[in-house]
Amino acid sequence: MKVLITGAASGIGFDLALALSKKGHTVYITVHTKKQLEQVKEKLKEMKLGILCFKMDIRVKEDRKLIHTLNIDCLVNHAGIGNGGSLLYMDIDVLRDNYETNIFASFSLLQEFYQMKKERGEKAKIFVTSSIASMLPIPFLGCYTSSKAAISMLAFTLKEELKYLRDKNVTISLIEPGAYKTGFNQVMIDNKNKFLKKNNKIYDHKDSINKIQRNMFILIEKGCTKGLIYKVVREIESKSPSFKIRVPVMQGILAKFFLLFYR
């Protein structure tokens with residue numbers, strides 16, 4: 001099978017690429033910048049794996065055309081960003097930037113892939129990465145979590161649309177990872193400082209907020225992505241992939257209980 005994974009410079013995306021490649025699949029990965037491209041290519045060269053890496057900014061239409069040249073069977077829409085900050089004080093462009101990447105650009109790529117496969121009359125699998133965090137109102141990370149909530153809802157809706165269209169050639173699956181120790185959460189916590197202005201109350205408490213959030217992730221983050229990767233690979237290889245992949249299971253259960261209590 002030929003699989004394209006976007007946003008796979010590191011973390012879950014890169015780990016998934018390694019697992020699929022080791023099982024004999026043809027794997028293509030994309031990264032956001034030229035610098036990342038050089039770094040990842042060097043890493044892949046050292047590991048002696050046949051994974052091909054490309055630069056793709058999913059927000060750029062010309063970059064998205066890459067999918068037409070690879071003849072892939074499976075798209076893993078994993079690329080995304082996480083902007084932190086207070087919803088009360090952040091510049092609206094910060095929120096817009098998060099939505100533009102995680103939702104609009106991601107689903108533009110998905111639409112393009114779907115239409116291409118339909119025109120060719122070929123079967124296809126689509127996997128969209130959201131997050132267990134999409135279920136939770138996490139203070140000062142709402143910019144990110146709300147974009148993930150939108151991704152989950154869009155994926156649920158796409159599943160129903162495919163039923164109405166009676167389209168059995170294309171499957172949609174939703175990946176909802178929990179918190180993993182990949183460094184992404186810490187970057188998201190830190191980058192909210194870029195969007196804070198000194199003339200608001202949040203700025204005065206930024207250090208204590210950061211400390212609380214860092215301690216929270218220390219408690220809940222899983223150190224190894226192995227369980228998640230195993231399940232995603234299994235579904236990619238399946239003739240009838242499950243719609244929802246939510247791992248770790250316990251984090252998902254705790255999120256559900258928290259949401260019921262919170263509301």
# chains A, B, ... in the order shown; residues from 1 in each chain; ligands from 1

call {"tool": "select_by_dssp", "arguments": {"residues": "stretch 110-228 of chain A", "states": "strand (DSSP E)", "output": "list in words"}}
result
Ala124, Lys125, Ile126, Phe127, Val128, Thr129, Val170, Thr171, Ile172, Ser173, Leu174, Ile175, Glu176 and Pro177 of chain A

call {"tool": "closest_atom_pairs", "arguments": {"of": "stretch 79-114 of chain A", "to": "stretch 145-160 of chain A", "cutoff": "10 Å", "atoms": "only C-alpha atoms", "output": "JSON lines"}}
result
{"residue": "A:Gly80", "atom": "CA", "partner": "A:Lys148", "partner_atom": "CA", "distance": 9.4}
{"residue": "A:Ile81", "atom": "CA", "partner": "A:Ser147", "partner_atom": "CA", "distance": 9.7}
{"residue": "A:Gly82", "atom": "CA", "partner": "A:Thr145", "partner_atom": "CA", "distance": 8.4}
{"residue": "A:Asn83", "atom": "CA", "partner": "A:Thr145", "partner_atom": "CA", "distance": 9.6}
{"residue": "A:Gly84", "atom": "CA", "partner": "A:Thr145", "partner_atom": "CA", "distance": 9.6}
{"residue": "A:Leu95", "atom": "CA", "partner": "A:Ser147", "partner_atom": "CA", "distance": 8.9}
{"residue": "A:Arg96", "atom": "CA", "partner": "A:Ser147", "partner_atom": "CA", "distance": 9.9}
{"residue": "A:Asn98", "atom": "CA", "partner": "A:Ser147", "partner_atom": "CA", "distance": 7.0}
{"residue": "A:Tyr99", "atom": "CA", "partner": "A:Ser147", "partner_atom": "CA", "distance": 5.8}
{"residue": "A:Glu100", "atom": "CA", "partner": "A:Ser147", "partner_atom": "CA", "distance": 9.3}
{"residue": "A:Thr101", "atom": "CA", "partner": "A:Ser147", "partner_atom": "CA", "distance": 9.3}
{"residue": "A:Asn102", "atom": "CA", "partner": "A:Ser147", "partner_atom": "CA", "distance": 6.5}
{"residue": "A:Ile103", "atom": "CA", "partner": "A:Ile151", "partner_atom": "CA", "distance": 6.3}
{"residue": "A:Phe104", "atom": "CA", "partner": "A:Ile151", "partner_atom": "CA", "distance": 9.7}
{"residue": "A:Ser106", "atom": "CA", "partner": "A:Ile151", "partner_atom": "CA", "distance": 9.1}
{"residue": "A:Phe107", "atom": "CA", "partner": "A:Ile151", "partner_atom": "CA", "distance": 8.7}

call {"tool": "residues_around", "arguments": {"residues": "stretch 241-250 of chain A", "least_positions_apart": "2", "cutoff": "12 Å", "atoms": "only C-alpha atoms", "output": "ChimeraX atom specification"}}
result
/A:12,74,124-135,152-153,155-160,168,170-180,220-239,252-257

call {"tool": "write_last_selection", "arguments": {"atoms": "C-alpha atoms", "output": "compact mmCIF listing (two decimals), in the first residue's frame"}}
result
# COMPACT_ATOMS: atom_id res chain seq x y z
CA ILE A 12 3.30 10.48 16.09
CA CYS A 74 -4.17 6.11 1.81
CA ALA A 124 -9.05 5.06 -1.01
CA LYS A 125 -8.62 5.32 2.74
CA ILE A 126 -8.61 8.63 4.58
CA PHE A 127 -7.41 9.05 8.17
CA VAL A 128 -7.84 12.39 9.93
CA THR A 129 -5.99 13.23 13.14
CA SER A 130 -7.92 15.05 15.84
CA SER A 131 -7.26 14.67 19.59
CA ILE A 132 -8.86 13.48 22.82
CA ALA A 133 -8.30 17.12 23.83
CA SER A 134 -11.14 17.99 21.43
CA MET A 135 -13.50 16.82 24.19
CA SER A 152 -13.79 15.46 14.85
CA MET A 153 -17.25 16.78 13.93
CA ALA A 155 -15.02 13.57 10.22
CA PHE A 156 -18.24 12.28 11.81
CA THR A 157 -20.24 14.19 9.21
CA LEU A 158 -18.11 12.88 6.33
CA LYS A 159 -18.77 9.35 7.52
CA GLU A 160 -22.52 9.98 7.29
CA LYS A 168 -18.00 2.05 -0.51
CA VAL A 170 -13.69 5.45 0.15
CA THR A 171 -13.43 5.08 3.94
CA ILE A 172 -12.94 7.79 6.54
CA SER A 173 -11.33 7.16 9.93
CA LEU A 174 -10.77 9.51 12.86
CA ILE A 175 -7.60 9.27 14.95
CA GLU A 176 -7.97 10.81 18.41
CA PRO A 177 -4.66 10.47 20.26
CA GLY A 178 -4.32 11.33 23.91
CA ALA A 179 -1.38 13.20 25.40
CA TYR A 180 2.01 11.77 24.43
CA ILE A 220 -0.95 12.45 31.96
CA GLU A 221 1.47 12.15 29.04
CA LYS A 222 2.32 8.67 27.80
CA GLY A 223 5.99 8.18 27.10
CA CYS A 224 5.61 5.74 24.20
CA THR A 225 3.38 5.93 21.12
CA LYS A 226 3.65 2.18 20.45
CA GLY A 227 0.04 1.32 21.41
CA LEU A 228 -1.40 4.10 19.26
CA ILE A 229 0.81 3.30 16.29
CA TYR A 230 -0.07 -0.40 16.46
CA LYS A 231 -3.79 0.36 16.27
CA VAL A 232 -3.46 2.92 13.47
CA VAL A 233 -1.32 0.55 11.38
CA ARG A 234 -3.84 -2.24 11.95
CA GLU A 235 -6.68 -0.04 10.69
CA ILE A 236 -4.70 1.21 7.69
CA GLU A 237 -4.07 -2.39 6.69
CA SER A 238 -7.68 -3.46 7.32
CA LYS A 239 -10.11 -3.98 4.44
CA GLY A 252 -10.50 8.78 26.55
CA ILE A 253 -12.61 7.38 29.39
CA LEU A 254 -11.37 10.04 31.83
CA ALA A 255 -12.10 12.77 29.27
CA LYS A 256 -15.69 11.51 28.89
CA PHE A 257 -16.23 11.43 32.65

call {"tool": "closest_residue", "arguments": {"among": "A:Phe184, A:Glu161, A:Asp97, A:Ser108", "to": "A:Cys143", "atoms": "only C-alpha atoms"}}
result
A:Asp97

call {"tool": "closest_residue", "arguments": {"among": "A:His78, A:Lys61, A:Lys35, A:Lys22", "to": "A:Ile5", "atoms": "only C-alpha atoms"}}
result
A:His78

call {"tool": "residues_around", "arguments": {"residues": "A:Ile29", "least_positions_apart": "3", "cutoff": "8 Å", "atoms": "only C-alpha atoms", "output": "VMD selection string"}}
result
chain A and resid 4 to 9 14 17 51 to 54

call {"tool": "atom_distance", "arguments": {"atom1": "atom CA of A:Pro137", "atom2": "atom CA of A:Leu16"}}
result
28.0 Å

call {"tool": "closest_residue", "arguments": {"among": "A:Asp63, A:Asp167, A:Asp190, A:Asp57", "to": "A:Gly121", "atoms": "only C-alpha atoms"}}
result
A:Asp167

call {"tool": "select_by_dssp", "arguments": {"residues": "stretch 12-175 of chain A", "states": "alpha helix (DSSP H)", "output": "ChimeraX atom specification"}}
result
/A:12-22,34-47,61-64,67-70,92-99,106-120,142-164

call {"tool": "atom_distance", "arguments": {"atom1": "atom CA of A:Ala105", "atom2": "atom CA of A:Ser10"}}
result
20.0 Å

call {"tool": "closest_residue", "arguments": {"among": "A:Leu18, A:Val3, A:Ile209, A:Val31", "to": "A:Asp73", "atoms": "only C-alpha atoms"}}
result
A:Val3

call {"tool": "residues_around", "arguments": {"residues": "A:Arg214", "least_positions_apart": "5", "cutoff": "10 Å", "atoms": "only C-alpha atoms", "output": "JSON, numbers by chain"}}
result
{"A": [185, 186, 189, 190, 208, 209, 219]}

call {"tool": "closest_residue", "arguments": {"among": "A:Leu109, A:Leu49, A:Val40, A:Val94", "to": "A:Glu62", "atoms": "only C-alpha atoms"}}
result
A:Leu109

call {"tool": "decode", "arguments": {"residues": "stretch 130-146 of chain A", "atoms": "all heavy atoms", "output": "PDB file, in the first residue's frame"}}
result
ATOM      1  N   SER A 130      -7.363  14.054  14.930  1.00  0.00           N
ATOM      2  CA  SER A 130      -7.923  15.055  15.839  1.00  0.00           C
ATOM      3  C   SER A 130      -7.177  14.881  17.165  1.00  0.00           C
ATOM      4  O   SER A 130      -5.963  14.757  17.183  1.00  0.00           O
ATOM      5  CB  SER A 130      -9.431  14.849  16.000  1.00  0.00           C
ATOM      6  OG  SER A 130      -9.960  15.749  16.952  1.00  0.00           O
ATOM      7  N   SER A 131      -7.891  14.821  18.281  1.00  0.00           N
ATOM      8  CA  SER A 131      -7.258  14.666  19.590  1.00  0.00           C
ATOM      9  C   SER A 131      -8.319  14.392  20.640  1.00  0.00           C
ATOM     10  O   SER A 131      -9.458  14.871  20.523  1.00  0.00           O
ATOM     11  CB  SER A 131      -6.486  15.929  19.957  1.00  0.00           C
ATOM     12  OG  SER A 131      -6.034  15.887  21.289  1.00  0.00           O
ATOM     13  N   ILE A 132      -7.971  13.628  21.669  1.00  0.00           N
ATOM     14  CA  ILE A 132      -8.859  13.482  22.820  1.00  0.00           C
ATOM     15  C   ILE A 132      -9.107  14.849  23.459  1.00  0.00           C
ATOM     16  O   ILE A 132     -10.174  15.101  24.036  1.00  0.00           O
ATOM     17  CB  ILE A 132      -8.264  12.491  23.851  1.00  0.00           C
ATOM     18  CG1 ILE A 132      -8.351  11.050  23.303  1.00  0.00           C
ATOM     19  CG2 ILE A 132      -8.978  12.585  25.194  1.00  0.00           C
ATOM     20  CD1 ILE A 132      -7.735   9.995  24.207  1.00  0.00           C
ATOM     21  N   ALA A 133      -8.146  15.757  23.291  1.00  0.00           N
ATOM     22  CA  ALA A 133      -8.296  17.115  23.831  1.00  0.00           C
ATOM     23  C   ALA A 133      -9.478  17.851  23.209  1.00  0.00           C
ATOM     24  O   ALA A 133      -9.944  18.850  23.756  1.00  0.00           O
ATOM     25  CB  ALA A 133      -7.021  17.915  23.605  1.00  0.00           C
ATOM     26  N   SER A 134      -9.977  17.354  22.074  1.00  0.00           N
ATOM     27  CA  SER A 134     -11.136  17.991  21.425  1.00  0.00           C
ATOM     28  C   SER A 134     -12.376  17.918  22.307  1.00  0.00           C
ATOM     29  O   SER A 134     -13.336  18.669  22.114  1.00  0.00           O
ATOM     30  CB  SER A 134     -11.430  17.304  20.085  1.00  0.00           C
ATOM     31  OG  SER A 134     -11.864  15.962  20.288  1.00  0.00           O
ATOM     32  N   MET A 135     -12.362  17.007  23.289  1.00  0.00           N
ATOM     33  CA  MET A 135     -13.504  16.823  24.189  1.00  0.00           C
ATOM     34  C   MET A 135     -13.433  17.724  25.416  1.00  0.00           C
ATOM     35  O   MET A 135     -14.395  17.802  26.194  1.00  0.00           O
ATOM     36  CB  MET A 135     -13.550  15.360  24.656  1.00  0.00           C
ATOM     37  CG  MET A 135     -13.601  14.345  23.529  1.00  0.00           C
ATOM     38  SD  MET A 135     -13.189  12.671  24.098  1.00  0.00           S
ATOM     39  CE  MET A 135     -14.540  12.369  25.254  1.00  0.00           C
ATOM     40  N   LEU A 136     -12.293  18.401  25.612  1.00  0.00           N
ATOM     41  CA  LEU A 136     -12.044  19.082  26.883  1.00  0.00           C
ATOM     42  C   LEU A 136     -11.886  20.595  26.729  1.00  0.00           C
ATOM     43  O   LEU A 136     -11.174  21.057  25.836  1.00  0.00           O
ATOM     44  CB  LEU A 136     -10.777  18.523  27.526  1.00  0.00           C
ATOM     45  CG  LEU A 136     -10.785  17.019  27.821  1.00  0.00           C
ATOM     46  CD1 LEU A 136      -9.409  16.573  28.256  1.00  0.00           C
ATOM     47  CD2 LEU A 136     -11.815  16.700  28.888  1.00  0.00           C
ATOM     48  N   PRO A 137     -12.505  21.372  27.613  1.00  0.00           N
ATOM     49  CA  PRO A 137     -12.312  22.829  27.624  1.00  0.00           C
ATOM     50  C   PRO A 137     -11.073  23.182  28.443  1.00  0.00           C
ATOM     51  O   PRO A 137     -11.163  23.493  29.632  1.00  0.00           O
ATOM     52  CB  PRO A 137     -13.594  23.340  28.290  1.00  0.00           C
ATOM     53  CG  PRO A 137     -13.990  22.229  29.215  1.00  0.00           C
ATOM     54  CD  PRO A 137     -13.536  20.946  28.581  1.00  0.00           C
ATOM     55  N   ILE A 138      -9.896  23.100  27.833  1.00  0.00           N
ATOM     56  CA  ILE A 138      -8.650  23.344  28.562  1.00  0.00           C
ATOM     57  C   ILE A 138      -8.325  24.837  28.509  1.00  0.00           C
ATOM     58  O   ILE A 138      -8.088  25.383  27.424  1.00  0.00           O
ATOM     59  CB  ILE A 138      -7.483  22.539  27.962  1.00  0.00           C
ATOM     60  CG1 ILE A 138      -7.835  21.048  27.919  1.00  0.00           C
ATOM     61  CG2 ILE A 138      -6.209  22.766  28.756  1.00  0.00           C
ATOM     62  CD1 ILE A 138      -6.791  20.186  27.235  1.00  0.00           C
ATOM     63  N   PRO A 139      -8.313  25.529  29.653  1.00  0.00           N
ATOM     64  CA  PRO A 139      -8.040  26.969  29.666  1.00  0.00           C
ATOM     65  C   PRO A 139      -6.717  27.312  28.997  1.00  0.00           C
ATOM     66  O   PRO A 139      -5.703  26.622  29.191  1.00  0.00           O
ATOM     67  CB  PRO A 139      -7.996  27.299  31.170  1.00  0.00           C
ATOM     68  CG  PRO A 139      -8.823  26.239  31.811  1.00  0.00           C
ATOM     69  CD  PRO A 139      -8.576  24.994  31.005  1.00  0.00           C
ATOM     70  N   PHE A 140      -6.727  28.347  28.175  1.00  0.00           N
ATOM     71  CA  PHE A 140      -5.559  28.894  27.485  1.00  0.00           C
ATOM     72  C   PHE A 140      -5.034  27.993  26.368  1.00  0.00           C
ATOM     73  O   PHE A 140      -4.017  28.302  25.753  1.00  0.00           O
ATOM     74  CB  PHE A 140      -4.440  29.237  28.480  1.00  0.00           C
ATOM     75  CG  PHE A 140      -4.938  30.038  29.646  1.00  0.00           C
ATOM     76  CD1 PHE A 140      -5.018  29.482  30.913  1.00  0.00           C
ATOM     77  CD2 PHE A 140      -5.378  31.343  29.467  1.00  0.00           C
ATOM     78  CE1 PHE A 140      -5.519  30.211  31.987  1.00  0.00           C
ATOM     79  CE2 PHE A 140      -5.882  32.076  30.538  1.00  0.00           C
ATOM     80  CZ  PHE A 140      -5.949  31.511  31.792  1.00  0.00           C
ATOM     81  N   LEU A 141      -5.729  26.888  26.106  1.00  0.00           N
ATOM     82  CA  LEU A 141      -5.397  26.052  24.947  1.00  0.00           C
ATOM     83  C   LEU A 141      -6.640  25.862  24.060  1.00  0.00           C
ATOM     84  O   LEU A 141      -6.688  24.978  23.223  1.00  0.00           O
ATOM     85  CB  LEU A 141      -4.859  24.683  25.401  1.00  0.00           C
ATOM     86  CG  LEU A 141      -3.553  24.681  26.196  1.00  0.00           C
ATOM     87  CD1 LEU A 141      -3.117  23.252  26.527  1.00  0.00           C
ATOM     88  CD2 LEU A 141      -2.439  25.401  25.442  1.00  0.00           C
ATOM     89  N   GLY A 142      -7.640  26.704  24.282  1.00  0.00           N
ATOM     90  CA  GLY A 142      -8.901  26.568  23.556  1.00  0.00           C
ATOM     91  C   GLY A 142      -8.779  26.803  22.063  1.00  0.00           C
ATOM     92  O   GLY A 142      -9.572  26.272  21.278  1.00  0.00           O
ATOM     93  N   CYS A 143      -7.809  27.585  21.663  1.00  0.00           N
ATOM     94  CA  CYS A 143      -7.558  27.829  20.245  1.00  0.00           C
ATOM     95  C   CYS A 143      -7.274  26.507  19.533  1.00  0.00           C
ATOM     96  O   CYS A 143      -7.827  26.206  18.473  1.00  0.00           O
ATOM     97  CB  CYS A 143      -6.376  28.781  20.113  1.00  0.00           C
ATOM     98  SG  CYS A 143      -5.999  29.305  18.450  1.00  0.00           S
ATOM     99  N   TYR A 144      -6.447  25.692  20.152  1.00  0.00           N
ATOM    100  CA  TYR A 144      -6.078  24.379  19.595  1.00  0.00           C
ATOM    101  C   TYR A 144      -7.202  23.362  19.758  1.00  0.00           C
ATOM    102  O   TYR A 144      -7.597  22.694  18.799  1.00  0.00           O
ATOM    103  CB  TYR A 144      -4.810  23.882  20.292  1.00  0.00           C
ATOM    104  CG  TYR A 144      -4.474  22.435  20.001  1.00  0.00           C
ATOM    105  CD1 TYR A 144      -3.905  22.067  18.786  1.00  0.00           C
ATOM    106  CD2 TYR A 144      -4.698  21.436  20.957  1.00  0.00           C
ATOM    107  CE1 TYR A 144      -3.588  20.741  18.520  1.00  0.00           C
ATOM    108  CE2 TYR A 144      -4.379  20.117  20.698  1.00  0.00           C
ATOM    109  CZ  TYR A 144      -3.825  19.776  19.475  1.00  0.00           C
ATOM    110  OH  TYR A 144      -3.516  18.462  19.219  1.00  0.00           O
ATOM    111  N   THR A 145      -7.736  23.240  20.987  1.00  0.00           N
ATOM    112  CA  THR A 145      -8.716  22.186  21.248  1.00  0.00           C
ATOM    113  C   THR A 145     -10.007  22.396  20.460  1.00  0.00           C
ATOM    114  O   THR A 145     -10.640  21.439  20.023  1.00  0.00           O
ATOM    115  CB  THR A 145      -9.044  22.081  22.749  1.00  0.00           C
ATOM    116  OG1 THR A 145      -9.525  23.343  23.228  1.00  0.00           O
ATOM    117  CG2 THR A 145      -7.812  21.684  23.547  1.00  0.00           C
ATOM    118  N   SER A 146     -10.405  23.644  20.257  1.00  0.00           N
ATOM    119  CA  SER A 146     -11.625  23.901  19.494  1.00  0.00           C
ATOM    120  C   SER A 146     -11.437  23.544  18.027  1.00  0.00           C
ATOM    121  O   SER A 146     -12.377  23.089  17.367  1.00  0.00           O
ATOM    122  CB  SER A 146     -12.055  25.366  19.631  1.00  0.00           C
ATOM    123  OG  SER A 146     -11.067  26.240  19.115  1.00  0.00           O
TER     124      SER A 146
END
